[in-house]
file query34.cif (mmCIF, C-alpha atoms)
data_start
loop_
_atom_site.label_atom_id
_atom_site.label_comp_id
_atom_site.auth_asym_id
_atom_site.auth_seq_id
_atom_site.Cartn_x
_atom_site.Cartn_y
_atom_site.Cartn_z
CA MET A 18 52.20 1.72 1.72
CA PHE A 19 49.53 3.85 3.39
CA ASP A 20 46.77 1.85 5.09
CA ILE A 21 43.50 3.62 5.85
CA LYS A 22 43.13 1.55 9.04
CA ASN A 23 45.71 3.85 10.63
CA ILE A 24 43.34 6.82 10.56
CA LEU A 25 39.92 5.25 11.17
CA TRP A 26 39.91 6.17 14.87
CA ASN A 27 42.03 9.27 14.69
CA LYS A 28 40.27 12.28 16.25
CA TYR A 29 41.12 14.55 13.31
CA PHE A 30 39.43 12.35 10.71
CA LYS A 31 35.66 12.21 10.25
CA SER A 32 33.61 9.81 8.12
CA LYS A 33 31.17 10.62 5.35
CA SER A 34 28.91 8.25 3.41
CA LEU A 35 27.72 8.77 -0.15
CA LYS A 36 24.81 7.07 -1.87
CA THR A 37 25.16 5.74 -5.42
CA TRP A 38 25.58 8.69 -7.86
CA GLU A 39 25.59 11.20 -4.99
CA ILE A 40 27.88 14.17 -5.67
CA LEU A 41 30.54 14.91 -3.07
CA PHE A 42 31.31 18.31 -4.56
CA ASP A 43 30.65 20.04 -7.86
CA GLU A 44 32.89 22.14 -10.05
CA TRP A 45 33.76 25.59 -8.63
CA GLU A 46 32.58 24.71 -5.12
CA ILE A 47 34.85 25.38 -2.15
CA ASP A 48 35.79 22.31 -0.11
CA LYS A 49 38.61 22.51 2.42
CA ASN A 50 38.90 18.79 3.18
CA ILE A 51 41.40 16.07 2.24
CA TYR A 52 39.66 12.76 1.50
CA VAL A 53 40.52 9.05 1.68
CA VAL A 54 38.29 6.31 0.23
CA GLU A 55 37.52 3.66 2.84
CA LYS A 56 35.18 1.55 0.68
CA GLY A 57 33.29 1.91 -2.58
CA LYS A 58 34.37 3.95 -5.59
CA VAL A 59 34.19 7.57 -6.70
CA LYS A 60 34.66 9.05 -10.16
CA VAL A 61 36.38 12.28 -11.11
CA GLU A 62 34.80 14.16 -14.02
CA LYS A 63 35.22 17.46 -15.84
CA TYR A 64 32.50 19.53 -17.51
CA PHE A 65 33.08 20.30 -21.18
CA SER A 66 30.23 22.75 -21.67
CA SER A 67 29.12 25.87 -19.82
CA GLU A 68 25.63 24.36 -19.44
CA LYS A 69 27.15 21.48 -17.41
CA LYS A 70 25.52 18.90 -19.66
CA GLU A 71 28.59 17.15 -21.03
CA LYS A 72 31.21 15.57 -18.75
CA LYS A 73 34.35 13.53 -19.38
CA LEU A 74 35.61 10.86 -17.00
CA LEU A 75 39.13 11.63 -15.79
CA ALA A 76 39.71 8.97 -13.12
CA VAL A 77 38.16 6.35 -10.85
CA LEU A 78 39.31 6.15 -7.22
CA TRP A 79 38.86 3.27 -4.79
CA LYS A 80 40.03 2.01 -1.37
CA ASN A 81 43.04 3.85 0.12
CA SER A 82 42.91 6.50 -2.63
CA ILE A 83 43.66 10.00 -1.37
CA PHE A 84 42.19 12.97 -3.20
CA TRP A 85 41.97 16.73 -2.96
CA GLU A 86 45.28 16.71 -1.10
CA GLY A 87 45.88 20.19 -2.57
CA SER A 88 43.70 21.55 0.23
CA ILE A 89 46.77 21.30 2.47
CA PHE A 90 48.27 24.23 0.58
CA ASN A 91 45.32 26.16 -0.88
CA ASN A 92 41.55 26.42 -0.88
CA HIS A 93 40.91 27.17 -4.53
CA PRO A 94 37.50 26.30 -6.03
CA LYS A 95 37.22 22.76 -7.39
CA GLU A 96 37.91 22.26 -11.08
CA VAL A 97 36.28 18.81 -11.22
CA VAL A 98 33.14 16.97 -10.13
CA ILE A 99 33.48 14.02 -7.76
CA SER A 100 30.60 11.60 -7.20
CA ALA A 101 30.04 8.06 -5.95
CA ILE A 102 29.81 5.21 -8.47
CA TRP A 103 28.08 3.13 -5.80
CA GLU A 104 27.63 3.37 -2.02
CA THR A 105 30.89 4.77 -0.72
CA LYS A 106 32.42 5.64 2.64
CA LEU A 107 35.06 8.32 2.93
CA TYR A 108 37.24 9.66 5.71
CA PHE A 109 38.32 13.27 5.61
CA ILE A 110 40.40 15.76 7.54
CA LYS A 111 39.95 19.53 7.44
CA SER A 112 42.95 21.34 6.01
CA LYS A 113 43.09 23.63 9.06
CA ASP A 114 43.57 20.56 11.31
CA PHE A 115 46.32 18.97 9.24
CA ARG A 116 49.24 20.67 10.99
CA ASN A 117 48.07 19.47 14.42
CA PHE A 118 47.48 15.98 13.03
CA VAL A 119 51.12 15.85 11.86
CA LYS A 120 52.43 17.09 15.23
CA GLU A 121 50.47 14.56 17.28
CA ASN A 122 50.69 11.55 14.93
CA THR A 123 54.17 11.74 13.42
CA GLU A 124 54.52 8.13 12.25
CA ILE A 125 51.06 7.93 10.69
CA ALA A 126 51.46 11.41 9.19
CA VAL A 127 54.75 10.42 7.52
CA ASP A 128 53.00 7.47 5.82
CA PHE A 129 50.13 9.73 4.81
CA LEU A 130 52.42 12.41 3.36
CA SER A 131 54.56 9.77 1.61
CA GLN A 132 51.45 8.51 -0.13
CA ILE A 133 50.59 12.06 -1.21
CA ILE A 134 54.13 12.57 -2.59
CA ASN A 135 53.98 9.25 -4.46
CA LEU A 136 50.57 10.21 -5.82
CA SER A 137 51.86 13.60 -7.01
CA ASN A 138 54.86 11.98 -8.73
CA LYS A 139 52.60 9.43 -10.43
CA ARG A 140 50.30 12.16 -11.71
CA LEU A 141 53.26 14.14 -13.05
CA LEU A 142 54.57 11.07 -14.90
CA GLU A 143 51.09 10.36 -16.30
CA ALA A 144 50.70 13.97 -17.42
CA ASN A 145 54.12 13.87 -19.11
CA PHE A 146 53.32 10.56 -20.85
CA LEU A 147 49.97 11.93 -22.04
CA LEU A 148 51.50 15.18 -23.30
CA THR A 149 54.38 13.43 -25.08
CA SER A 150 52.23 10.76 -26.74
CA ASN A 151 49.64 13.31 -27.87
CA TYR A 152 52.37 15.49 -29.33
CA LYS A 153 53.86 12.62 -31.34
CA ILE A 154 50.53 11.67 -32.91
CA SER A 155 49.46 15.31 -33.44
CA LYS A 156 52.77 16.02 -35.19
CA MET A 157 52.40 13.01 -37.47
CA ILE A 158 48.84 13.98 -38.39
CA SER A 159 49.70 17.63 -39.01
CA GLU A 160 52.57 16.64 -41.33
CA GLU A 161 50.44 14.32 -43.46
CA ILE A 162 49.36 16.24 -46.55
CA GLU A 163 47.78 13.26 -48.29
CA PHE A 164 45.20 11.19 -46.41
CA SER A 165 46.38 7.82 -47.70
CA ASN A 166 46.13 4.33 -46.23
CA LYS A 167 49.91 4.22 -45.76
CA ASN A 168 49.83 7.42 -43.71
CA LEU A 169 47.02 6.00 -41.59
CA PHE A 170 48.94 2.74 -41.05
CA ASP A 171 52.09 4.65 -40.03
CA ILE A 172 50.08 6.52 -37.40
CA ILE A 173 48.45 3.30 -36.15
CA ASP A 174 51.90 1.71 -35.81
CA GLU A 175 53.14 4.70 -33.82
CA PHE A 176 49.99 4.51 -31.66
CA CYS A 177 50.70 0.83 -31.01
CA SER A 178 54.32 1.60 -30.08
CA ILE A 179 53.42 4.47 -27.72
CA ILE A 180 50.97 2.44 -25.63
CA LYS A 181 53.15 -0.71 -25.87
CA ALA A 182 50.29 -2.83 -27.17
CA LYS A 183 50.90 -6.24 -28.73
CA TYR A 184 48.84 -5.31 -31.77
CA ILE A 185 46.12 -3.04 -33.12
CA ILE A 186 43.59 -4.28 -35.66
CA TYR A 187 41.58 -1.69 -37.59
CA LEU A 188 38.15 -2.49 -39.03
CA GLU A 189 35.86 -0.40 -41.22
CA ILE A 190 32.10 -0.97 -41.15
CA ASN A 191 30.66 -1.89 -44.55
CA GLN A 192 28.51 1.02 -45.69
CA VAL A 193 26.32 -1.21 -47.89
CA LEU A 194 26.06 -4.57 -46.14
CA GLU A 195 24.59 -4.30 -42.67
CA ASN A 196 26.46 -6.14 -39.87
CA TYR A 197 29.62 -6.64 -41.91
CA ALA A 198 33.04 -5.04 -41.47
CA THR A 199 36.32 -5.12 -43.37
CA VAL A 200 39.55 -5.82 -41.51
CA SER A 201 41.73 -3.17 -43.17
CA TYR A 202 44.91 -3.29 -41.12
CA ASP A 203 46.76 -5.44 -38.60
CA SER A 204 49.84 -3.78 -37.06
CA ARG A 205 51.59 -7.18 -36.98
CA ILE A 206 51.59 -7.14 -40.81
CA GLN A 207 53.09 -3.70 -41.27
CA TRP A 208 51.97 -1.41 -44.12
CA LYS A 209 49.87 -4.08 -45.84
CA LEU A 210 46.31 -3.18 -46.80
CA LEU A 211 44.04 -6.07 -45.88
CA ASP A 212 40.59 -6.77 -47.28
CA LYS A 213 39.02 -9.46 -45.13
CA VAL A 214 35.25 -9.21 -44.56
CA VAL A 215 33.92 -10.41 -41.20
CA GLU A 216 30.40 -10.65 -39.86
CA LEU A 217 29.26 -8.68 -36.82
CA LYS A 218 26.57 -9.50 -34.29
CA ASN A 219 24.15 -6.61 -33.76
CA SER A 220 26.84 -4.22 -34.99
CA LYS A 221 29.31 -5.55 -32.39
CA ILE A 222 32.62 -7.31 -32.84
CA ASP A 223 32.46 -11.10 -32.70
CA LEU A 224 35.97 -12.34 -31.89
CA GLU A 225 35.05 -15.81 -33.13
CA ASN A 226 35.05 -14.45 -36.70
CA LEU A 227 38.55 -13.05 -36.25
CA LYS A 228 40.20 -16.35 -35.34
CA GLU A 229 42.42 -16.37 -38.40
CA PHE A 230 43.99 -13.15 -37.10
CA GLU A 231 44.81 -14.89 -33.80
CA VAL A 232 42.83 -12.40 -31.75
CA TRP A 233 43.01 -13.11 -28.03
CA GLU A 234 40.11 -12.83 -25.63
CA LYS A 235 41.49 -9.97 -23.57
CA ASN A 236 41.13 -6.94 -25.81
CA MET A 237 40.30 -3.28 -25.54
CA ILE A 238 37.77 -2.47 -28.25
CA LEU A 239 37.35 1.17 -29.29
CA GLU A 240 34.34 2.26 -31.31
CA LEU A 241 34.21 5.34 -33.50
CA LYS A 242 30.69 6.60 -34.11
CA ASN A 243 29.14 9.03 -36.53
CA GLY A 244 26.10 10.10 -34.56
CA ASN A 245 24.70 6.85 -33.15
CA LYS A 246 26.14 4.70 -35.94
CA ILE A 247 29.41 2.81 -35.45
CA ILE A 248 31.69 3.26 -38.47
CA TRP A 249 35.09 1.95 -37.31
CA PHE A 250 36.55 -0.40 -34.70
CA PHE A 251 40.00 -0.66 -33.17
CA ILE A 252 40.90 -3.90 -31.40
CA ILE A 253 43.89 -3.41 -29.09
CA TRP A 254 45.46 -6.39 -27.38
CA GLU A 255 47.27 -5.93 -24.10
CA ASP A 256 49.49 -8.36 -22.24
CA GLU A 257 47.74 -11.42 -20.78
CA LYS A 258 49.08 -10.77 -17.29
CA VAL A 259 49.57 -7.00 -17.11
CA GLU A 260 46.68 -4.66 -17.87
CA PHE A 261 47.09 -1.20 -19.34
CA SER A 262 47.97 1.37 -16.67
CA GLU A 263 45.74 4.38 -16.02
CA SER A 264 48.20 6.61 -17.91
CA GLN A 265 48.10 4.25 -20.90
CA LYS A 266 44.29 4.21 -20.86
CA LYS A 267 44.18 8.01 -20.72
CA SER A 268 46.65 8.18 -23.59
CA ILE A 269 44.65 5.65 -25.61
CA ASN A 270 41.43 7.64 -25.18
CA SER A 271 43.16 10.93 -25.97
CA ILE A 272 44.99 9.63 -29.06
CA TRP A 273 41.82 7.90 -30.20
CA VAL A 274 40.11 11.30 -30.49
CA LEU A 275 42.98 12.63 -32.64
CA LEU A 276 43.09 9.51 -34.78
CA ALA A 277 39.31 9.48 -35.23
CA GLY A 278 39.49 12.98 -36.68
CA PHE A 279 42.22 11.87 -39.09
CA ILE A 280 40.19 8.84 -40.20
CA LYS A 281 37.09 10.99 -40.77
CA GLN A 282 39.14 13.39 -42.89
CA LYS A 283 40.58 10.47 -44.85
CA GLN A 284 37.11 9.15 -45.61
CA TYR A 285 35.84 12.62 -46.56
CA PHE A 286 38.64 13.18 -49.07
CA GLN A 287 38.18 9.65 -50.45
CA ASN A 288 34.47 10.32 -50.97
CA GLU A 289 35.29 13.58 -52.75
CA LYS A 290 37.74 11.74 -55.05
CA ASN A 291 35.09 9.14 -55.83
CA LYS A 292 32.64 11.89 -56.78
CA GLU A 293 35.18 13.40 -59.18
CA LYS A 294 35.71 10.03 -60.87
CA ALA A 295 31.96 9.36 -61.22
#
call {"tool": "encode", "arguments": {"input": "query34.cif", "output": "structure tokens"}}
result
Amino acid sequence: MFDIKNILWNKYFKSKSLKTWEILFDEWEIDKNIYVVEKGKVKVEKYFSSEKKEKKLLAVLWKNSIFWEGSIFNNHPKEVVISAIWETKLYFIKSKDFRNFVKENTEIAVDFLSQIINLSNKRLLEANFLLTSNYKISKMISEEIEFSNKNLFDIIDEFCSIIKAKYIIYLEINQVLENYATVSYDSRIQWKLLDKVVELKNSKIDLENLKEFEVWEKNMILELKNGNKIIWFFIIWEDEKVEFSESQKKSINSIWVLLAGFIKQKQYFQNEKNKEKA
């Protein structure tokens, strides 16, 4: 395992400090350095608009994390934004100095390169997991002609299976009664439409009111909003001892976007049906 202590006093590595929220480099800038986090945290984000107003979080990096290792091989413009979450200290080496660093510090360099290889393999596995899981859910959604509860439950079950969660509970906010929601589905009771009303606190989930569903404390709660108004909740329970991996979290967030679109379509078609009956 690579330890940053091995490079702190190496002549080829220099230090750089970042203040909270300070940007290390922006998208499309040229930066020919390879970085290691010594303390603090940095976030990796991607712009989703040409005006650079909307960004999506891709990753959070902390102590011993190596990033922009691609500078060893090329000096392409950056495709992401990296900034400090709080006060952070980095060590970096210029790509042009890397060859000499390897020659003069063989043992340390082998550890450093091994970490880069492990990191690349991990990212490939995460990318494959994300691509595969997204494809499965996208395929299920595209094949569903009728936006029924059963179809929604099938997709939720597949979602639960993909991320290896213990359960997923789906709640719909009551459109008439403020601060109330209906528990519509629990993946542990497959394909059964539930109709249990629970009270919220300031439009937030209160796990105390879900005791009869044996909801544990350690949950990931996803909110689906229409504008600023929350309209659905997903409660996902992970293992008590093992948290979701970064790849699972990325997959959850990605699938959640697909599933949210499906749920919105389902509600739209249901509203249209109700209008026809009225």
call {"tool": "closest_residue", "arguments": {"input": "query34.cif", "among": "A:Trp103, A:Phe170, A:Phe30, A:Phe65", "to": "Tyr187 (chain A)", "atoms": "only C-alpha atoms"}}
result
A:Phe170
call {"tool": "atom_distance", "arguments": {"input": "query34.cif", "atom1": "CA of Ala198 (chain A)", "atom2": "CA of Ile180 (chain A)"}}
result
25.1 Å
call {"tool": "residues_around", "arguments": {"input": "query34.cif", "residues": "Asn196 (chain A)", "least_positions_apart": "6", "cutoff": "9 Å", "atoms": "all atoms listed in the file", "output": "PyMOL selection string"}}
result
chain A and resi 190+215-221
call {"tool": "atom_distance", "arguments": {"input": "query34.cif", "atom1": "CA of Trp85 (chain A)", "atom2": "CA of Glu46 (chain A)"}}
result
12.5 Å
call {"tool": "closest_residue", "arguments": {"input": "query34.cif", "among": "A:Leu194, A:Leu74, A:Ala126, A:Ile185", "to": "Met237 (chain A)", "atoms": "all atoms listed in the file"}}
result
A:Ile185
call {"tool": "closest_residue", "arguments": {"input": "query34.cif", "among": "A:Asn270, A:Gln282, A:Ser150, A:Asn135", "to": "Ser165 (chain A)", "atoms": "only C-alpha atoms"}}
result
A:Gln282
call {"tool": "resolve_selection", "arguments": {"input": "query34.cif", "expression": "the PyMOL selection byres ((chain A and resi 151) around 12)", "output": "number ranges by chain"}}
result
A: 144-150, 152-159, 172, 175-176, 179-180, 265, 267-276
call {"tool": "residues_around", "arguments": {"input": "query34.cif", "residues": "Asp212 (chain A)", "least_positions_apart": "4", "cutoff": "8 Å", "atoms": "all atoms listed in the file", "output": "list in words"}}
result
Thr199, Val200 and Ser201 of chain A
call {"tool": "resolve_selection", "arguments": {"input": "query34.cif", "expression": "the PyMOL selection byres ((chain A and resi 98) around 12)", "output": "MDAnalysis selection string"}}
result
chainID A and resid 38:48 59:65 69 71:77 85 94:97 99:101
call {"tool": "closest_residue", "arguments": {"input": "query34.cif", "among": "A:Ile102, A:Ile83, A:Leu239, A:Ile89", "to": "Lys58 (chain A)", "atoms": "only C-alpha atoms"}}
result
A:Ile102
call {"tool": "atom_distance", "arguments": {"input": "query34.cif", "atom1": "CA of Val232 (chain A)", "atom2": "CA of Ser178 (chain A)"}}
result
18.2 Å
call {"tool": "closest_residue", "arguments": {"input": "query34.cif", "among": "A:Phe115, A:Phe279, A:Tyr108, A:Trp254", "to": "Phe230 (chain A)", "atoms": "all atoms listed in the file"}}
result
A:Trp254
call {"tool": "resolve_selection", "arguments": {"input": "query34.cif", "expression": "the PyMOL selection byres ((chain A and resi 250) around 7)", "output": "compact mmCIF listing (two decimals) with C-alpha atoms, keeping the file's coordinate frame"}}
result
# COMPACT_ATOMS: atom_id res chain seq x y z
CA TYR A 187 41.58 -1.69 -37.59
CA LEU A 188 38.15 -2.49 -39.03
CA GLU A 189 35.86 -0.40 -41.22
CA ILE A 238 37.77 -2.47 -28.25
CA LEU A 239 37.35 1.17 -29.29
CA GLU A 240 34.34 2.26 -31.31
CA LEU A 241 34.21 5.34 -33.50
CA TRP A 249 35.09 1.95 -37.31
CA PHE A 251 40.00 -0.66 -33.17
CA ILE A 252 40.90 -3.90 -31.40
call {"tool": "closest_residue", "arguments": {"input": "query34.cif", "among": "A:Asp174, A:Glu55, A:Glu68, A:Asp203", "to": "Leu107 (chain A)", "atoms": "all atoms listed in the file"}}
result
A:Glu55
call {"tool": "residues_around", "arguments": {"input": "query34.cif", "residues": "region 116-118 of chain A", "least_positions_apart": "4", "cutoff": "12 Å", "atoms": "only C-alpha atoms", "output": "list in words"}}
result
Ile24, Asn27, Lys28, Tyr29, Phe30, Ile89, Phe90, Ile110, Lys111, Ser112, Asn122, Thr123, Glu124, Ile125, Ala126, Val127, Phe129 and Leu130 of chain A
call {"tool": "axis_aligned_box", "arguments": {"input": "query34.cif", "around": "region 73-80 of chain A", "padding_each_side": "6 Å", "output": "JSON"}}
result
{"center_x": 37.2, "center_y": 7.8, "center_z": -10.4, "size_x": 17.7, "size_y": 23.5, "size_z": 30.0}
call {"tool": "build_atoms", "arguments": {"input": "query34.cif", "residues": "region 68-87 of chain A", "atoms": "N, CA and C atoms", "output": "tab-separated table (two decimals), in the frame of the given file"}}
result
chain	number	residue	atom	x	y	z
A	68	GLU	N	26.95	24.76	-19.95
A	68	GLU	CA	25.63	24.36	-19.44
A	68	GLU	C	25.71	23.18	-18.48
A	69	LYS	N	26.92	22.64	-18.29
A	69	LYS	CA	27.15	21.48	-17.41
A	69	LYS	C	26.34	20.26	-17.84
A	70	LYS	N	26.25	20.06	-19.16
A	70	LYS	CA	25.52	18.90	-19.66
A	70	LYS	C	26.45	17.77	-20.10
A	71	GLU	N	27.64	18.15	-20.52
A	71	GLU	CA	28.59	17.15	-21.03
A	71	GLU	C	29.78	17.04	-20.09
A	72	LYS	N	30.08	15.81	-19.65
A	72	LYS	CA	31.21	15.57	-18.75
A	72	LYS	C	32.11	14.49	-19.33
A	73	LYS	N	33.39	14.56	-18.98
A	73	LYS	CA	34.35	13.53	-19.38
A	73	LYS	C	34.95	12.91	-18.14
A	74	LEU	N	35.03	11.58	-18.13
A	74	LEU	CA	35.61	10.86	-17.00
A	74	LEU	C	37.12	11.00	-17.02
A	75	LEU	N	37.68	11.45	-15.90
A	75	LEU	CA	39.13	11.63	-15.79
A	75	LEU	C	39.80	10.52	-14.99
A	76	ALA	N	39.10	10.01	-13.97
A	76	ALA	CA	39.71	8.97	-13.12
A	76	ALA	C	38.65	8.29	-12.28
A	77	VAL	N	38.98	7.08	-11.81
A	77	VAL	CA	38.16	6.35	-10.85
A	77	VAL	C	39.04	6.04	-9.64
A	78	LEU	N	38.54	6.34	-8.45
A	78	LEU	CA	39.31	6.15	-7.22
A	78	LEU	C	38.63	5.14	-6.32
A	79	TRP	N	39.43	4.27	-5.68
A	79	TRP	CA	38.86	3.27	-4.79
A	79	TRP	C	39.64	3.22	-3.49
A	80	LYS	N	39.50	2.11	-2.74
A	80	LYS	CA	40.03	2.01	-1.37
A	80	LYS	C	41.48	2.47	-1.26
A	81	ASN	N	41.72	3.27	-0.20
A	81	ASN	CA	43.04	3.85	0.12
A	81	ASN	C	43.43	5.03	-0.77
A	82	SER	N	42.60	5.36	-1.77
A	82	SER	CA	42.91	6.50	-2.63
A	82	SER	C	42.74	7.80	-1.86
A	83	ILE	N	43.72	8.68	-1.98
A	83	ILE	CA	43.66	10.00	-1.37
A	83	ILE	C	43.35	11.01	-2.47
A	84	PHE	N	42.44	11.95	-2.20
A	84	PHE	CA	42.19	12.97	-3.20
A	84	PHE	C	41.87	14.31	-2.56
A	85	TRP	N	42.04	15.32	-3.34
A	85	TRP	CA	41.97	16.73	-2.96
A	85	TRP	C	42.98	17.07	-1.88
A	86	GLU	N	44.18	16.45	-2.03
A	86	GLU	CA	45.28	16.71	-1.10
A	86	GLU	C	45.80	18.13	-1.24
A	87	GLY	N	45.45	18.80	-2.37
A	87	GLY	CA	45.88	20.19	-2.57
A	87	GLY	C	45.32	21.14	-1.53
